[in-house]
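To keep things clear, I will list the structure first and then write my remarks on it.
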Amino acid sequence: MKATKGCYECLQRLVYQAAELATDSEQIRQRAIKEGLKVLGENFSTNEVTIVIAAKIHSVIKEVTHNPDPYRAMKDREMSIAKELYLELSLRAEALSVAKGKRSNLYKDDFRDCLRLAAAANAIDFFRELSFIQEDIRKPVNFVIDDSDYLEARLKSVSKVLYLADNAGEIYFDLPLLRWMRRFANVIYVVKPLPVQNDATLEDIRKAGLEDDFGRIMTTGIASPGIIFALASDEFKQEFESADLIFAKGMGHYEALSELPGQGKFFYCLMAKCGPVARSLGVPVNSYVAMLQ
């Protein structure tokens, strides 16, 4: 998905937000904003994917502020709240299971509940207030585009799946679906090698004590929102080509992968949190999507 004119304002907000988070020095912050806006002005084009521009903005702001992880404090808060919400929803699901006369946890045994749980956490976004995120995650997930039946059938017939992670707080909510998928296929959980925005990294998973739970983890080789294939590692590109199915969380991955021929290989799981992405998908803003391409 290429940028639209409306994406400029969002990228502009990103410059100010990243600079604000990166340093307490007003002088350095203003220099970072100046350089970030310069990068935006020189690179913005409706022939470009926004994640490419965003990656350049983050790079220059990190360089100017000497802060390799401007979103660290934000990620820590998101992960703490996400963990609490995950435990809350798991206990609720277990109680519902018992009330129905079952002994099993719905998030272990029911594919659609696992998928909805993973989707719910995509409400996490660095431009949204945490109170609104908490409210959305607690709400029932109804997919406006729902190809979950196709996904379940495909998962039972494939050998290898790449699960492209999004925001760090989502890792708790991804685990039940990841475990369900592993009943049928080899699943590789893919994160970023270094911090960018509030995206999940291997360090985040280790910090949460979940490295063993996730099993095989690899990185894209490039610290960018979504995936910039020209800069991704050879290892990632090889795994991407050989995978039978790419399960992609979040808008950044949709923006990148929707530029490629899908041929039934890409499955998007996301909340469409902005107008351009929502229009591209043909859904209202803040709709949940589970779509096979």
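Quick note on naming: the chains in the structure tokens go A, B, ... in the order shown, residues restart at 1 in each chain, and ligands are numbered from 1 in order of appearance.
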(message) Taking 6 positions as the minimum chain separation for residues in the same chain, which residues sit within 12 Å of Leu21 (chain A) when counting only C-alpha atoms? Answer as an NGL selection string.
(response) :A and (14-15 or 28-29 or 32-33 or 58 or 61-62 or 65 or 67-75 or 126 or 197-198)
Write out as CSV the residues of region 13-107 of chain A that have any atom within 12 Å of an atom of region 115-118 of chain A, one row each with the nearest atom pair and its distance in Å to one decimal, counting only C-alpha atoms, sorted by chain and then rising number.
```
residue,atom,partner,partner_atom,distance
A:Ala82,CA,A:Ala118,CA,11.6
A:Leu85,CA,A:Leu117,CA,10.8
A:Tyr86,CA,A:Leu117,CA,8.7
A:Leu87,CA,A:Leu117,CA,11.7
A:Glu88,CA,A:Leu117,CA,12.0
A:Leu89,CA,A:Leu117,CA,8.7
A:Ser90,CA,A:Leu117,CA,9.5
A:Ala93,CA,A:Leu117,CA,10.5
A:Leu106,CA,A:Leu117,CA,10.5
A:Tyr107,CA,A:Leu117,CA,7.9
```
Writer output for current selection, N, CA and C atoms, as a PDB file, in the first residue's frame:
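Done, and the output landed in part_7.pdb:
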```pdb
ATOM      1  N   ALA A  82      -0.533  -4.864  29.106  1.00  0.00           N
ATOM      2  CA  ALA A  82      -0.939  -5.987  28.251  1.00  0.00           C
ATOM      3  C   ALA A  82      -0.898  -7.298  29.028  1.00  0.00           C
ATOM      4  N   LEU A  85      -3.929  -7.422  31.277  1.00  0.00           N
ATOM      5  CA  LEU A  85      -5.149  -7.650  30.503  1.00  0.00           C
ATOM      6  C   LEU A  85      -5.228  -9.084  30.001  1.00  0.00           C
ATOM      7  N   TYR A  86      -4.083  -9.630  29.580  1.00  0.00           N
ATOM      8  CA  TYR A  86      -4.074 -11.007  29.109  1.00  0.00           C
ATOM      9  C   TYR A  86      -4.492 -11.966  30.219  1.00  0.00           C
ATOM     10  N   LEU A  87      -3.967 -11.766  31.412  1.00  0.00           N
ATOM     11  CA  LEU A  87      -4.344 -12.616  32.543  1.00  0.00           C
ATOM     12  C   LEU A  87      -5.828 -12.461  32.871  1.00  0.00           C
ATOM     13  N   GLU A  88      -6.307 -11.230  32.817  1.00  0.00           N
ATOM     14  CA  GLU A  88      -7.725 -10.961  33.081  1.00  0.00           C
ATOM     15  C   GLU A  88      -8.621 -11.687  32.084  1.00  0.00           C
ATOM     16  N   LEU A  89      -8.299 -11.574  30.799  1.00  0.00           N
ATOM     17  CA  LEU A  89      -9.128 -12.198  29.772  1.00  0.00           C
ATOM     18  C   LEU A  89      -9.008 -13.720  29.797  1.00  0.00           C
ATOM     19  N   SER A  90      -7.842 -14.233  30.141  1.00  0.00           N
ATOM     20  CA  SER A  90      -7.665 -15.683  30.244  1.00  0.00           C
ATOM     21  C   SER A  90      -8.510 -16.254  31.375  1.00  0.00           C
ATOM     22  N   ALA A  93     -12.062 -16.270  30.258  1.00  0.00           N
ATOM     23  CA  ALA A  93     -12.320 -17.364  29.325  1.00  0.00           C
ATOM     24  C   ALA A  93     -12.413 -18.692  30.055  1.00  0.00           C
ATOM     25  N   LEU A 106     -10.602 -21.929  26.742  1.00  0.00           N
ATOM     26  CA  LEU A 106     -10.950 -21.625  25.351  1.00  0.00           C
ATOM     27  C   LEU A 106      -9.739 -21.155  24.551  1.00  0.00           C
ATOM     28  N   TYR A 107      -8.815 -20.437  25.212  1.00  0.00           N
ATOM     29  CA  TYR A 107      -7.668 -19.904  24.502  1.00  0.00           C
ATOM     30  C   TYR A 107      -6.606 -20.962  24.224  1.00  0.00           C
TER      31      TYR A 107
END
```
(request) Enumerate the residues of region 45-263 of chain A with a DSSP assignment of helix (DSSP H, G or I), computed from the backbone, and present them as a PyMOL selection string. (result) chain A and resi 50-65+72-99+106-109+111-123+130-138+148-155+168-181+202-207+211-214+234-242+251-257
Contacts of Ile81 (chain A) within 10 Å, only C-alpha atoms, excl. fewer than 2 positions in-chain, as a PDB file with C-alpha atoms, in the first residue's frame:
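The resulting part_35.pdb:
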```pdb
ATOM      1  CA  LYS A  75       6.855  -0.117  25.590  1.00  0.00           C
ATOM      2  CA  ASP A  76       7.436  -1.015  29.237  1.00  0.00           C
ATOM      3  CA  ARG A  77       4.081   0.528  30.205  1.00  0.00           C
ATOM      4  CA  GLU A  78       2.287  -1.170  27.314  1.00  0.00           C
ATOM      5  CA  MET A  79       3.788  -4.557  28.140  1.00  0.00           C
ATOM      6  CA  LYS A  83       0.221  -8.718  30.633  1.00  0.00           C
ATOM      7  CA  GLU A  84      -2.444  -7.747  33.181  1.00  0.00           C
ATOM      8  CA  LEU A  85      -5.149  -7.650  30.503  1.00  0.00           C
ATOM      9  CA  TYR A  86      -4.074 -11.007  29.109  1.00  0.00           C
ATOM     10  CA  LEU A 130      -3.558   3.583  27.095  1.00  0.00           C
ATOM     11  CA  SER A 131      -7.020   3.944  28.649  1.00  0.00           C
ATOM     12  CA  ILE A 133      -6.427   0.716  24.322  1.00  0.00           C
ATOM     13  CA  GLN A 134      -7.476  -1.103  27.496  1.00  0.00           C
ATOM     14  CA  GLY A 169       2.527  -5.674  24.244  1.00  0.00           C
TER      15      GLY A 169
END
```
Could you give me the residues within region 132-204 of chain A that DSSP places in strand (DSSP E or B), as a PDB file with C-alpha atoms, in the first residue's frame?
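And here is the file that came out, out-v9.pdb:
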```
ATOM      1  CA  PHE A 143     -14.062  -9.157  12.082  1.00  0.00           C
ATOM      2  CA  VAL A 144     -15.488  -6.939   9.336  1.00  0.00           C
ATOM      3  CA  ILE A 145     -13.474  -9.039   6.880  1.00  0.00           C
ATOM      4  CA  ASP A 146     -13.404 -12.596   8.178  1.00  0.00           C
ATOM      5  CA  LYS A 160       5.928 -23.781   7.733  1.00  0.00           C
ATOM      6  CA  VAL A 161       4.416 -20.498   8.930  1.00  0.00           C
ATOM      7  CA  LEU A 162       6.114 -17.155   9.553  1.00  0.00           C
ATOM      8  CA  TYR A 163       4.275 -15.253  12.288  1.00  0.00           C
ATOM      9  CA  LEU A 164       5.189 -11.568  11.891  1.00  0.00           C
ATOM     10  CA  ASN A 167       3.741  -4.257  18.969  1.00  0.00           C
ATOM     11  CA  ASN A 186       6.516 -25.357  12.154  1.00  0.00           C
ATOM     12  CA  VAL A 187       5.922 -21.740  13.223  1.00  0.00           C
ATOM     13  CA  ILE A 188       8.682 -19.127  13.350  1.00  0.00           C
ATOM     14  CA  TYR A 189       7.927 -15.994  15.384  1.00  0.00           C
ATOM     15  CA  VAL A 190       9.481 -12.959  13.682  1.00  0.00           C
ATOM     16  CA  VAL A 191      10.436  -9.781  15.562  1.00  0.00           C
ATOM     17  CA  LYS A 192      12.651  -6.752  14.938  1.00  0.00           C
ATOM     18  CA  ASP A 199       7.541  -2.965  17.877  1.00  0.00           C
ATOM     19  CA  THR A 201      12.149  -7.225  19.675  1.00  0.00           C
TER      20      THR A 201
END
```
(request) Considering only C-alpha atoms, state which residue in the set A:Ile205, A:Cys114, A:Met271, A:Ile227 is at the smallest distance from Trp180 (chain A). (result)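 Checking each of A:Ile205, A:Cys114, A:Met271, A:Ile227 against Trp180 (chain A), counting only C-alpha atoms, the winner is A:Cys114.
Residues in contact with Arg154 (chain A) at 10 Å, where only C-alpha atoms are counted and same-chain residues fewer than 2 positions away are skipped, are listed as Ser148, Asp149, Tyr150, Leu151, Glu152, Lys156, Ser157, Val158, Ser159, Phe184, Asp244, Leu245, Gly264 and Lys265 of chain A.
When CA of Leu11 (chain A) is paired with CA of Tyr172 (chain A), their separation reads 28.3 Å.
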